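K.L.:
Here you go, this is upload33.pdb (PDB, C-alpha atoms).
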ATOM      1  CA  MET A 193      31.676  15.097 -22.762  1.00  0.00           C
ATOM      2  CA  LYS A 194      28.818  15.918 -25.118  1.00  0.00           C
ATOM      3  CA  LEU A 195      27.368  12.452 -24.541  1.00  0.00           C
ATOM      4  CA  ILE A 196      27.458  12.921 -20.749  1.00  0.00           C
ATOM      5  CA  VAL A 197      25.731  16.312 -21.029  1.00  0.00           C
ATOM      6  CA  ALA A 198      23.114  14.842 -23.334  1.00  0.00           C
ATOM      7  CA  LEU A 199      22.430  12.010 -20.909  1.00  0.00           C
ATOM      8  CA  LEU A 200      22.148  14.436 -18.000  1.00  0.00           C
ATOM      9  CA  LEU A 201      19.749  16.663 -19.914  1.00  0.00           C
ATOM     10  CA  GLY A 202      17.721  13.632 -20.897  1.00  0.00           C
ATOM     11  CA  SER A 203      17.529  12.536 -17.269  1.00  0.00           C
ATOM     12  CA  LEU A 204      16.451  16.017 -16.190  1.00  0.00           C
ATOM     13  CA  SER A 205      13.786  16.086 -18.882  1.00  0.00           C
ATOM     14  CA  LEU A 206      12.405  12.751 -17.727  1.00  0.00           C
ATOM     15  CA  ASN A 207      12.370  13.891 -14.096  1.00  0.00           C
ATOM     16  CA  THR A 208      10.625  17.117 -15.054  1.00  0.00           C
ATOM     17  CA  LEU A 209       8.088  15.172 -17.115  1.00  0.00           C
ATOM     18  CA  ALA A 210       7.457  12.786 -14.220  1.00  0.00           C
ATOM     19  CA  ALA A 211       6.919  15.677 -11.806  1.00  0.00           C
ATOM     20  CA  SER A 212       4.609  17.420 -14.251  1.00  0.00           C
ATOM     21  CA  ASP A 213       2.732  14.185 -14.875  1.00  0.00           C
ATOM     22  CA  PHE A 214       1.968  13.904 -11.154  1.00  0.00           C
ATOM     23  CA  ALA A 215       0.709  17.481 -10.801  1.00  0.00           C
ATOM     24  CA  ALA A 216      -2.920  16.726 -11.683  1.00  0.00           C
ATOM     25  CA  THR A 217      -2.925  13.685  -9.409  1.00  0.00           C
ATOM     26  CA  GLU A 218      -1.381  15.657  -6.566  1.00  0.00           C
ATOM     27  CA  GLU A 219      -4.091  18.305  -6.900  1.00  0.00           C
ATOM     28  CA  LYS A 220      -6.756  15.612  -6.572  1.00  0.00           C
ATOM     29  CA  ILE A 221      -5.054  14.030  -3.550  1.00  0.00           C
ATOM     30  CA  ASN A 222      -4.951  17.404  -1.824  1.00  0.00           C
ATOM     31  CA  ALA A 223      -8.632  17.973  -2.634  1.00  0.00           C
ATOM     32  CA  ALA A 224      -9.486  14.569  -1.139  1.00  0.00           C
ATOM     33  CA  LEU A 225      -7.441  15.376   1.966  1.00  0.00           C
ATOM     34  CA  ALA A 226      -9.402  18.623   2.385  1.00  0.00           C
ATOM     35  CA  ASP A 227     -12.808  16.985   1.914  1.00  0.00           C
ATOM     36  CA  GLU A 228     -15.122  17.827   4.803  1.00  0.00           C
ATOM     37  CA  ARG A 229     -16.420  14.250   4.903  1.00  0.00           C
ATOM     38  CA  ARG A 230     -13.187  13.073   6.471  1.00  0.00           C
ATOM     39  CA  THR A 231     -13.374  12.725  10.233  1.00  0.00           C
ATOM     40  CA  ALA A 232     -11.208  14.572  12.736  1.00  0.00           C
ATOM     41  CA  GLN A 233      -9.607  11.241  13.627  1.00  0.00           C
ATOM     42  CA  GLU A 234      -8.644  10.727   9.988  1.00  0.00           C
ATOM     43  CA  THR A 235      -7.224  14.208   9.445  1.00  0.00           C
ATOM     44  CA  ALA A 236      -5.185  13.893  12.649  1.00  0.00           C
ATOM     45  CA  ARG A 237      -3.173  11.161  10.901  1.00  0.00           C
ATOM     46  CA  ASP A 238      -2.336  13.204   7.801  1.00  0.00           C
ATOM     47  CA  LYS A 239       1.007  14.532   9.027  1.00  0.00           C
ATOM     48  CA  ASN A 240       2.199  11.080  10.028  1.00  0.00           C
ATOM     49  CA  ARG A 241       1.041   9.219   6.932  1.00  0.00           C
ATOM     50  CA  LYS A 242       2.209  11.757   4.315  1.00  0.00           C
ATOM     51  CA  ALA A 243      -0.254  10.618   1.671  1.00  0.00           C
ATOM     52  CA  VAL A 244       0.894  12.938  -1.129  1.00  0.00           C
ATOM     53  CA  GLU A 245       4.549  11.974  -0.795  1.00  0.00           C
ATOM     54  CA  THR A 246       3.773   8.283  -0.330  1.00  0.00           C
ATOM     55  CA  LEU A 247       1.493   8.048  -3.365  1.00  0.00           C
ATOM     56  CA  ALA A 248       3.959  10.068  -5.429  1.00  0.00           C
ATOM     57  CA  PHE A 249       6.690   7.578  -4.519  1.00  0.00           C
ATOM     58  CA  PHE A 250       4.479   4.670  -5.579  1.00  0.00           C
ATOM     59  CA  GLY A 251       3.819   6.392  -8.911  1.00  0.00           C
ATOM     60  CA  LEU A 252       0.054   6.811  -8.610  1.00  0.00           C
ATOM     61  CA  ARG A 253      -1.675   8.569 -11.512  1.00  0.00           C
ATOM     62  CA  ASP A 254      -5.332   9.538 -11.721  1.00  0.00           C
ATOM     63  CA  ASP A 255      -6.034   7.320 -14.756  1.00  0.00           C
ATOM     64  CA  MET A 256      -4.840   4.051 -13.218  1.00  0.00           C
ATOM     65  CA  LYS A 257      -6.693   0.862 -12.315  1.00  0.00           C
ATOM     66  CA  VAL A 258      -5.732   0.258  -8.689  1.00  0.00           C
ATOM     67  CA  LEU A 259      -6.435  -2.448  -6.111  1.00  0.00           C
ATOM     68  CA  GLU A 260      -6.120  -1.640  -2.411  1.00  0.00           C
ATOM     69  CA  LEU A 261      -5.747  -4.693  -0.192  1.00  0.00           C
ATOM     70  CA  MET A 262      -7.132  -4.823   3.344  1.00  0.00           C
ATOM     71  CA  PRO A 263      -8.307  -1.194   3.491  1.00  0.00           C
ATOM     72  CA  GLY A 264      -9.227  -1.355   7.184  1.00  0.00           C
ATOM     73  CA  GLY A 265     -11.216   1.732   8.105  1.00  0.00           C
ATOM     74  CA  GLY A 266     -10.716   3.196   4.634  1.00  0.00           C
ATOM     75  CA  TRP A 267      -8.233   5.970   5.422  1.00  0.00           C
ATOM     76  CA  TYR A 268      -6.456   5.562   2.088  1.00  0.00           C
ATOM     77  CA  THR A 269      -9.626   4.459   0.282  1.00  0.00           C
ATOM     78  CA  LYS A 270     -11.156   7.877   0.965  1.00  0.00           C
ATOM     79  CA  LEU A 271      -8.229   9.435  -0.887  1.00  0.00           C
ATOM     80  CA  LEU A 272      -7.715   6.938  -3.688  1.00  0.00           C
ATOM     81  CA  ALA A 273     -11.337   6.642  -4.836  1.00  0.00           C
ATOM     82  CA  PRO A 274     -11.880  10.388  -5.411  1.00  0.00           C
ATOM     83  CA  VAL A 275      -8.513  10.683  -7.171  1.00  0.00           C
ATOM     84  CA  LEU A 276      -9.486   7.860  -9.554  1.00  0.00           C
ATOM     85  CA  GLU A 277     -13.113   8.990  -9.880  1.00  0.00           C
ATOM     86  CA  GLU A 278     -12.990  10.518 -13.358  1.00  0.00           C
ATOM     87  CA  LYS A 279     -10.341   8.572 -15.257  1.00  0.00           C
ATOM     88  CA  GLY A 280      -9.429   5.500 -13.241  1.00  0.00           C
ATOM     89  CA  LYS A 281     -10.831   2.677 -11.155  1.00  0.00           C
ATOM     90  CA  LEU A 282     -10.373   1.571  -7.548  1.00  0.00           C
ATOM     91  CA  TYR A 283     -10.959  -1.964  -6.330  1.00  0.00           C
ATOM     92  CA  VAL A 284     -10.718  -3.046  -2.690  1.00  0.00           C
ATOM     93  CA  SER A 285     -10.475  -6.596  -1.426  1.00  0.00           C
ATOM     94  CA  ILE A 286      -9.705  -8.854   1.558  1.00  0.00           C
ATOM     95  CA  GLY A 287     -11.565  -7.601   4.596  1.00  0.00           C
ATOM     96  CA  ALA A 288     -12.996  -4.751   2.525  1.00  0.00           C
ATOM     97  CA  GLU A 289     -16.737  -5.295   2.948  1.00  0.00           C
ATOM     98  CA  ARG A 290     -17.166  -2.788   5.800  1.00  0.00           C
ATOM     99  CA  THR A 291     -15.356  -0.091   3.834  1.00  0.00           C
ATOM    100  CA  GLY A 292     -17.438  -0.886   0.764  1.00  0.00           C
ATOM    101  CA  GLU A 293     -20.705  -0.625   2.679  1.00  0.00           C
ATOM    102  CA  ALA A 294     -19.693   2.771   4.018  1.00  0.00           C
ATOM    103  CA  LEU A 295     -18.502   4.286   0.739  1.00  0.00           C
ATOM    104  CA  VAL A 296     -19.817   2.545  -2.401  1.00  0.00           C
ATOM    105  CA  GLY A 297     -22.431   4.683  -4.113  1.00  0.00           C
ATOM    106  CA  LYS A 298     -21.542   7.857  -2.218  1.00  0.00           C
ATOM    107  CA  PRO A 299     -20.659  11.001  -4.211  1.00  0.00           C
ATOM    108  CA  GLY A 300     -17.019  10.843  -5.246  1.00  0.00           C
ATOM    109  CA  PHE A 301     -16.841   7.057  -4.938  1.00  0.00           C
ATOM    110  CA  SER A 302     -18.372   5.804  -8.166  1.00  0.00           C
ATOM    111  CA  SER A 303     -14.985   4.352  -9.156  1.00  0.00           C
ATOM    112  CA  LEU A 304     -14.971   2.118  -6.062  1.00  0.00           C
ATOM    113  CA  GLU A 305     -15.769  -1.590  -6.352  1.00  0.00           C
ATOM    114  CA  VAL A 306     -15.439  -4.312  -3.731  1.00  0.00           C
ATOM    115  CA  ILE A 307     -14.018  -7.654  -4.834  1.00  0.00           C
ATOM    116  CA  PRO A 308     -15.708 -10.110  -2.445  1.00  0.00           C
ATOM    117  CA  PHE A 309     -13.529 -12.178  -0.168  1.00  0.00           C
ATOM    118  CA  ASP A 310     -15.391 -14.596   2.075  1.00  0.00           C
ATOM    119  CA  ARG A 311     -14.232 -14.236   5.680  1.00  0.00           C
ATOM    120  CA  SER A 312     -14.336 -18.018   6.004  1.00  0.00           C
ATOM    121  CA  ASN A 313     -11.152 -17.966   3.897  1.00  0.00           C
ATOM    122  CA  PHE A 314      -9.301 -16.613   6.921  1.00  0.00           C
ATOM    123  CA  SER A 315      -7.978 -19.326   9.211  1.00  0.00           C
ATOM    124  CA  ARG A 316      -5.849 -19.255  12.334  1.00  0.00           C
ATOM    125  CA  LYS A 317      -4.345 -22.052  14.366  1.00  0.00           C
ATOM    126  CA  GLU A 318      -5.460 -22.208  17.978  1.00  0.00           C
ATOM    127  CA  GLY A 319      -3.472 -19.727  20.016  1.00  0.00           C
ATOM    128  CA  ALA A 320      -1.864 -18.166  16.935  1.00  0.00           C
ATOM    129  CA  ARG A 321      -1.846 -14.428  16.418  1.00  0.00           C
ATOM    130  CA  LYS A 322      -1.638 -14.456  12.625  1.00  0.00           C
ATOM    131  CA  SER A 323      -4.085 -15.563   9.961  1.00  0.00           C
ATOM    132  CA  THR A 324      -3.504 -17.405   6.747  1.00  0.00           C
ATOM    133  CA  VAL A 325      -5.480 -17.435   3.531  1.00  0.00           C
ATOM    134  CA  PRO A 326      -5.599 -20.104   0.830  1.00  0.00           C
ATOM    135  CA  GLU A 327      -4.502 -19.677  -2.779  1.00  0.00           C
ATOM    136  CA  LEU A 328      -6.775 -17.050  -4.288  1.00  0.00           C
ATOM    137  CA  SER A 329      -7.590 -14.974  -7.345  1.00  0.00           C
ATOM    138  CA  PHE A 330      -9.003 -11.463  -7.432  1.00  0.00           C
ATOM    139  CA  GLY A 331     -10.710 -12.286 -10.715  1.00  0.00           C
ATOM    140  CA  ILE A 332      -9.291  -9.256 -12.514  1.00  0.00           C
ATOM    141  CA  LYS A 333      -6.318  -8.679 -14.819  1.00  0.00           C
ATOM    142  CA  ASN A 334      -4.147  -5.886 -16.151  1.00  0.00           C
ATOM    143  CA  LEU A 335      -4.182  -3.670 -13.081  1.00  0.00           C
ATOM    144  CA  ASP A 336      -1.711  -0.784 -13.015  1.00  0.00           C
ATOM    145  CA  MET A 337      -1.090  -0.871  -9.271  1.00  0.00           C
ATOM    146  CA  VAL A 338      -1.761  -2.800  -6.065  1.00  0.00           C
ATOM    147  CA  LEU A 339      -1.255  -1.132  -2.685  1.00  0.00           C
ATOM    148  CA  THR A 340      -1.334  -2.379   0.892  1.00  0.00           C
ATOM    149  CA  PHE A 341      -0.696  -0.329   4.000  1.00  0.00           C
ATOM    150  CA  ARG A 342       0.396  -1.895   7.326  1.00  0.00           C
ATOM    151  CA  ASN A 343      -1.200  -5.289   6.692  1.00  0.00           C
ATOM    152  CA  MET A 344       1.301  -7.982   5.780  1.00  0.00           C
ATOM    153  CA  HIS A 345       2.357  -8.482   9.408  1.00  0.00           C
ATOM    154  CA  ASN A 346      -1.123  -9.899  10.126  1.00  0.00           C
ATOM    155  CA  PHE A 347      -0.485 -12.983   7.968  1.00  0.00           C
ATOM    156  CA  THR A 348       1.619 -16.094   8.147  1.00  0.00           C
ATOM    157  CA  ALA A 349       4.341 -16.667   5.572  1.00  0.00           C
ATOM    158  CA  GLU A 350       1.960 -18.954   3.676  1.00  0.00           C
ATOM    159  CA  GLY A 351      -0.762 -16.302   3.668  1.00  0.00           C
ATOM    160  CA  ARG A 352       1.634 -13.628   2.433  1.00  0.00           C
ATOM    161  CA  VAL A 353       2.848 -15.878  -0.371  1.00  0.00           C
ATOM    162  CA  ASN A 354      -0.730 -16.502  -1.532  1.00  0.00           C
ATOM    163  CA  ILE A 355      -1.548 -12.784  -1.426  1.00  0.00           C
ATOM    164  CA  ASN A 356       1.617 -11.936  -3.362  1.00  0.00           C
ATOM    165  CA  HIS A 357       0.834 -14.528  -6.040  1.00  0.00           C
ATOM    166  CA  ALA A 358      -2.723 -13.234  -6.466  1.00  0.00           C
ATOM    167  CA  THR A 359      -1.336  -9.693  -6.715  1.00  0.00           C
ATOM    168  CA  PHE A 360       1.207 -10.719  -9.347  1.00  0.00           C
ATOM    169  CA  ASN A 361      -1.506 -12.382 -11.444  1.00  0.00           C
ATOM    170  CA  ALA A 362      -3.798  -9.353 -11.223  1.00  0.00           C
ATOM    171  CA  LEU A 363      -1.186  -6.843 -12.411  1.00  0.00           C
ATOM    172  CA  LYS A 364      -0.244  -6.101 -15.998  1.00  0.00           C
ATOM    173  CA  SER A 365       3.360  -6.366 -17.134  1.00  0.00           C
ATOM    174  CA  GLY A 366       5.050  -3.302 -15.675  1.00  0.00           C
ATOM    175  CA  GLY A 367       2.396  -3.030 -12.968  1.00  0.00           C
ATOM    176  CA  LEU A 368       3.460  -1.689  -9.565  1.00  0.00           C
ATOM    177  CA  TYR A 369       3.110  -3.185  -6.084  1.00  0.00           C
ATOM    178  CA  GLY A 370       3.481  -0.800  -3.130  1.00  0.00           C
ATOM    179  CA  VAL A 371       3.895  -2.095   0.423  1.00  0.00           C
ATOM    180  CA  VAL A 372       4.067  -0.207   3.722  1.00  0.00           C
ATOM    181  CA  ASP A 373       4.388  -1.939   7.077  1.00  0.00           C
ATOM    182  CA  HIS A 374       5.766  -1.649  10.606  1.00  0.00           C
ATOM    183  CA  THR A 375       9.464  -2.513  10.787  1.00  0.00           C
ATOM    184  CA  ARG A 376      10.822  -5.412  12.832  1.00  0.00           C
ATOM    185  CA  ARG A 377      14.545  -5.674  13.449  1.00  0.00           C
ATOM    186  CA  HIS A 378      16.148  -7.980  10.872  1.00  0.00           C
ATOM    187  CA  MET A 379      16.207 -11.639  11.952  1.00  0.00           C
ATOM    188  CA  GLN A 380      14.639 -10.846  15.328  1.00  0.00           C
ATOM    189  CA  SER A 381      12.488 -13.657  16.740  1.00  0.00           C
ATOM    190  CA  GLU A 382       8.767 -13.025  17.075  1.00  0.00           C
ATOM    191  CA  SER A 383       7.394 -12.105  20.492  1.00  0.00           C
ATOM    192  CA  GLY A 384       4.264 -10.662  22.036  1.00  0.00           C
ATOM    193  CA  GLU A 385       5.804  -7.216  21.701  1.00  0.00           C
ATOM    194  CA  ASN A 386       6.858  -7.306  18.058  1.00  0.00           C
ATOM    195  CA  TRP A 387       4.411  -9.638  16.289  1.00  0.00           C
ATOM    196  CA  ARG A 388       2.670  -6.707  14.576  1.00  0.00           C
ATOM    197  CA  ARG A 389       5.958  -5.790  12.962  1.00  0.00           C
ATOM    198  CA  ILE A 390       7.649  -7.597  10.075  1.00  0.00           C
ATOM    199  CA  ASP A 391      11.226  -7.921   8.850  1.00  0.00           C
ATOM    200  CA  PRO A 392      11.547  -5.860   5.646  1.00  0.00           C
ATOM    201  CA  VAL A 393      14.246  -8.189   4.305  1.00  0.00           C
ATOM    202  CA  GLN A 394      11.808 -11.092   4.648  1.00  0.00           C
ATOM    203  CA  VAL A 395       9.172  -9.131   2.751  1.00  0.00           C
ATOM    204  CA  ILE A 396      11.596  -8.386  -0.088  1.00  0.00           C
ATOM    205  CA  LYS A 397      12.595 -12.054  -0.335  1.00  0.00           C
ATOM    206  CA  GLU A 398       8.972 -13.230  -0.400  1.00  0.00           C
ATOM    207  CA  VAL A 399       7.795 -10.687  -2.968  1.00  0.00           C
ATOM    208  CA  GLU A 400      10.792 -11.281  -5.241  1.00  0.00           C
ATOM    209  CA  ALA A 401      10.217 -15.043  -5.001  1.00  0.00           C
ATOM    210  CA  THR A 402       6.781 -14.444  -6.496  1.00  0.00           C
ATOM    211  CA  GLY A 403       8.418 -12.963  -9.598  1.00  0.00           C
ATOM    212  CA  PHE A 404       8.446  -9.243  -8.781  1.00  0.00           C
ATOM    213  CA  GLU A 405      11.423  -6.937  -9.221  1.00  0.00           C
ATOM    214  CA  PHE A 406      12.404  -4.798  -6.244  1.00  0.00           C
ATOM    215  CA  ILE A 407      12.424  -1.236  -7.598  1.00  0.00           C
ATOM    216  CA  ASP A 408      12.997   1.166  -4.721  1.00  0.00           C
ATOM    217  CA  TYR A 409      12.413   2.044  -1.090  1.00  0.00           C
ATOM    218  CA  SER A 410      11.613   5.313   0.655  1.00  0.00           C
ATOM    219  CA  THR A 411      12.601   6.728   4.055  1.00  0.00           C
ATOM    220  CA  LEU A 412       9.371   8.732   4.278  1.00  0.00           C
ATOM    221  CA  HIS A 413       8.223   6.755   7.291  1.00  0.00           C
ATOM    222  CA  TYR A 414      11.571   6.098   8.911  1.00  0.00           C
ATOM    223  CA  ARG A 415      11.560   6.931  12.622  1.00  0.00           C
ATOM    224  CA  ALA A 416      14.990   6.961  14.252  1.00  0.00           C
ATOM    225  CA  ASP A 417      13.520   7.047  17.763  1.00  0.00           C
ATOM    226  CA  ASP A 418      11.438   3.878  17.316  1.00  0.00           C
ATOM    227  CA  GLU A 419      13.518   1.247  19.091  1.00  0.00           C
ATOM    228  CA  LEU A 420      11.787  -1.545  17.120  1.00  0.00           C
ATOM    229  CA  LYS A 421      11.084  -3.561  20.248  1.00  0.00           C
ATOM    230  CA  TYR A 422       7.672  -2.435  21.498  1.00  0.00           C
ATOM    231  CA  GLU A 423       4.137  -3.290  20.445  1.00  0.00           C
ATOM    232  CA  VAL A 424       3.024  -0.780  17.793  1.00  0.00           C
ATOM    233  CA  GLY A 425      -0.179  -0.046  19.702  1.00  0.00           C
ATOM    234  CA  ARG A 426       1.608   1.124  22.839  1.00  0.00           C
ATOM    235  CA  ARG A 427       0.811   4.724  23.692  1.00  0.00           C
ATOM    236  CA  SER A 428       4.506   5.622  23.626  1.00  0.00           C
ATOM    237  CA  VAL A 429       4.914   4.153  20.128  1.00  0.00           C
ATOM    238  CA  SER A 430       1.569   4.463  18.343  1.00  0.00           C
ATOM    239  CA  GLY A 431       1.694   7.033  15.564  1.00  0.00           C
ATOM    240  CA  ASN A 432       5.470   7.044  15.574  1.00  0.00           C
ATOM    241  CA  THR A 433       6.378   3.551  14.401  1.00  0.00           C
ATOM    242  CA  ASP A 434       9.192   3.065  11.960  1.00  0.00           C
ATOM    243  CA  ARG A 435       7.610   1.820   8.714  1.00  0.00           C
ATOM    244  CA  PHE A 436       9.292   0.559   5.586  1.00  0.00           C
ATOM    245  CA  THR A 437       7.924   1.773   2.261  1.00  0.00           C
ATOM    246  CA  MET A 438       8.783  -0.405  -0.755  1.00  0.00           C
ATOM    247  CA  LEU A 439       7.967  -0.512  -4.421  1.00  0.00           C
ATOM    248  CA  PHE A 440       8.021  -3.614  -6.629  1.00  0.00           C
ATOM    249  CA  ARG A 441       7.247  -4.130 -10.324  1.00  0.00           C
ATOM    250  CA  LYS A 442       5.933  -7.058 -12.327  1.00  0.00           C
ATOM    251  CA  PRO A 443       8.337  -7.657 -15.249  1.00  0.00           C
TER     252      PRO A 443
END
Could I get this structure in the form of structure tokens?
P.N.:
Amino acid sequence: MKLIVALLLGSLSLNTLAASDFAATEEKINAALADERRTAQETARDKNRKAVETLAFFGLRDDMKVLELMPGGGWYTKLLAPVLEEKGKLYVSIGAERTGEALVGKPGFSSLEVIPFDRSNFSRKEGARKSTVPELSFGIKNLDMVLTFRNMHNFTAEGRVNINHATFNALKSGGLYGVVDHTRRHMQSESGENWRRIDPVQVIKEVEATGFEFIDYSTLHYRADDELKYEVGRRSVSGNTDRFTMLFRKP
């Protein structure tokens, strides 16, 4: 009985420590969310994207070296870079040049660095919707974390494998890999309506095959009323897609 109590107390202490450890990072995320430089279009997405909860689940801390893949318009970049400004470092890569041009050198973004990725590396078969990329290296090592948000569905299986391998090689032992994407029904064939969704089981299999350990998943972005059969850009679906949120670790 004493052993059980001791184990429970130890678990509670660790959970309390983890929560306390995130407090400073959470404060910085909230400050970045409140920054007046963010556009009205960006702030309108805050409720749906739940940045604080999502980054807490991934284990972000303000002293980490982080790589964000395919940052798009920079919604998450505008949060991550200020959080990592003082103690950490943020890299962005793969389709990141536009985001870099808009943010590098601006106040609050001195931690931000673009890892070049020549757009000629992207290739797509005639008539295909998805791109592939060749084997690649980000040219950096010992990262604490790599994150990608709603991007893996844009690539072929070959492209995803190459991205996962490059991610694995860039992370330190114990480094974390966080993935969010639009959910496709398991084993459902691809169509014009669902091609911007991806089967989460397939993602787990591919990432584990690279050498990662599957650590956890979150229901933060689960949407029971998304029927998983319509194009994610449809007006009736956009902003309310069911998204899987997964965390992997390099052994």
K.L.:
Which polymer residues, protein or nucleic acid, are no farther than 9 Å from (1.9, -5.6, 11.0), counting only C-alpha atoms, as a ChimeraX atom specification?
P.N.:
/A:342-347,373-375,386-390,424
K.L.:
Could you take the residues named above and write them with C-alpha atoms, as a short mmCIF file (atom, residue, chain, number, x, y, z; two decimals), in the coordinates of the input?
P.N.:
data_model
loop_
_atom_site.label_atom_id
_atom_site.label_comp_id
_atom_site.auth_asym_id
_atom_site.auth_seq_id
_atom_site.Cartn_x
_atom_site.Cartn_y
_atom_site.Cartn_z
CA ARG A 342 0.40 -1.90 7.33
CA ASN A 343 -1.20 -5.29 6.69
CA MET A 344 1.30 -7.98 5.78
CA HIS A 345 2.36 -8.48 9.41
CA ASN A 346 -1.12 -9.90 10.13
CA PHE A 347 -0.48 -12.98 7.97
CA ASP A 373 4.39 -1.94 7.08
CA HIS A 374 5.77 -1.65 10.61
CA THR A 375 9.46 -2.51 10.79
CA ASN A 386 6.86 -7.31 18.06
CA TRP A 387 4.41 -9.64 16.29
CA ARG A 388 2.67 -6.71 14.58
CA ARG A 389 5.96 -5.79 12.96
CA ILE A 390 7.65 -7.60 10.07
CA VAL A 424 3.02 -0.78 17.79
#
K.L.:
For the PyMOL selection byres ((chain A and resi 279-296) around 10), applied here, can you spell out every residue it catches as a ChimeraX atom specification?
P.N.:
/A:253-267,269-270,272-278,297-311,313-314,325,330,332,335-339,355
K.L.:
What is the CA of Arg321 (chain A) to CA of Gly384 (chain A) distance in Å?
P.N.:
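Atom-to-atom, CA of Arg321 (chain A) to CA of Gly384 (chain A), that is 9.1 Å.
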K.L.:
Between CA of Phe406 (chain A) and CA of Asp434 (chain A), what distance in Å does the model show, to one decimal?
P.N.:
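Between these atoms lies a distance of 20.1 Å.
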K.L.:
Enclose the full set of atoms of region 289-297 of chain A listed in the file within a box whose edges lie along x, y and z, apply 4 Å of padding to each of the six sides, and report centre and edge lengths in Å to one decimal as JSON.
P.N.:
{"center_x": -18.9, "center_y": -0.3, "center_z": 0.8, "size_x": 15.1, "size_y": 18.0, "size_z": 17.9}
K.L.:
Have a look at A:Thr324, A:Thr348, A:Ala248, A:Tyr422 and name the one nearest to Asp213 (chain A); count all atoms listed in the file.
P.N.:
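Among the listed residues, A:Ala248 lies closest to Asp213 (chain A).
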K.L.:
Here's the selection I'm unsure about, the PyMOL selection byres ((chain A and resi 218) around 9); applied to the file above, which residues does it give, as a ChimeraX atom specification?
P.N.:
/A:214-217,219-223,244,247-248,253-254,275
K.L.:
Distance cut-off 10 Å, centre (4.0, 5.3, 10.4) in file coordinates, counting only C-alpha atoms: which residues qualify? Return them as number ranges by chain.
P.N.:
A: 237, 239-242, 341-342, 372-375, 412-415, 424, 429-437
K.L.:
With C-alpha atoms retained, could you export that selection as a PDB file, in the coordinates of the input?
P.N.:
ATOM      1  CA  ARG A 237      -3.173  11.161  10.901  1.00  0.00           C
ATOM      2  CA  LYS A 239       1.007  14.532   9.027  1.00  0.00           C
ATOM      3  CA  ASN A 240       2.199  11.080  10.028  1.00  0.00           C
ATOM      4  CA  ARG A 241       1.041   9.219   6.932  1.00  0.00           C
ATOM      5  CA  LYS A 242       2.209  11.757   4.315  1.00  0.00           C
ATOM      6  CA  PHE A 341      -0.696  -0.329   4.000  1.00  0.00           C
ATOM      7  CA  ARG A 342       0.396  -1.895   7.326  1.00  0.00           C
ATOM      8  CA  VAL A 372       4.067  -0.207   3.722  1.00  0.00           C
ATOM      9  CA  ASP A 373       4.388  -1.939   7.077  1.00  0.00           C
ATOM     10  CA  HIS A 374       5.766  -1.649  10.606  1.00  0.00           C
ATOM     11  CA  THR A 375       9.464  -2.513  10.787  1.00  0.00           C
ATOM     12  CA  LEU A 412       9.371   8.732   4.278  1.00  0.00           C
ATOM     13  CA  HIS A 413       8.223   6.755   7.291  1.00  0.00           C
ATOM     14  CA  TYR A 414      11.571   6.098   8.911  1.00  0.00           C
ATOM     15  CA  ARG A 415      11.560   6.931  12.622  1.00  0.00           C
ATOM     16  CA  VAL A 424       3.024  -0.780  17.793  1.00  0.00           C
ATOM     17  CA  VAL A 429       4.914   4.153  20.128  1.00  0.00           C
ATOM     18  CA  SER A 430       1.569   4.463  18.343  1.00  0.00           C
ATOM     19  CA  GLY A 431       1.694   7.033  15.564  1.00  0.00           C
ATOM     20  CA  ASN A 432       5.470   7.044  15.574  1.00  0.00           C
ATOM     21  CA  THR A 433       6.378   3.551  14.401  1.00  0.00           C
ATOM     22  CA  ASP A 434       9.192   3.065  11.960  1.00  0.00           C
ATOM     23  CA  ARG A 435       7.610   1.820   8.714  1.00  0.00           C
ATOM     24  CA  PHE A 436       9.292   0.559   5.586  1.00  0.00           C
ATOM     25  CA  THR A 437       7.924   1.773   2.261  1.00  0.00           C
TER      26      THR A 437
END
K.L.:
Of the candidates A:Gly370, A:Arg376, A:Ser365, A:Leu225, which one gets nearest to Asp418 (chain A) if we count all atoms listed in the file?
P.N.:
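Using all atoms listed in the file, Asp418 (chain A) sits closest to A:Arg376.
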K.L.:
Calculated over only C-alpha atoms, which of the candidates A:Leu420, A:Leu271, A:Ala232, A:Ala358 has the smallest distance to Arg377 (chain A)?
P.N.:
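Closest to Arg377 (chain A), using only C-alpha atoms: A:Leu420.
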K.L.:
Nearest to Lys364 (chain A) among A:Arg352, A:Lys421, A:Glu385, A:Arg441, with distances taken over all atoms listed in the file: which residue is it?
P.N.:
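Checking each candidate against Lys364 (chain A), we get A:Arg441 as the closest.
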K.L.:
For a test of reading the model, state the distance in Å between CA of Pro392 (chain A) and CA of Gly251 (chain A), rounded to one decimal.
P.N.:
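Those two atoms sit 20.5 Å apart.
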K.L.:
Give me the residues near Lys397 (chain A) as number ranges by chain, where near means some atom within 12 Å (using all atoms listed in the file) and where sequence neighbours in that chain fewer than 3 positions away do not count.
P.N.:
A: 349, 352-353, 356, 391-394, 400-406, 440
K.L.:
Which of these, A:Glu423, A:Gly367, A:His378, A:Thr359, has the shortest distance to Val399 (chain A) once you count only C-alpha atoms?
P.N.:
A:Thr359
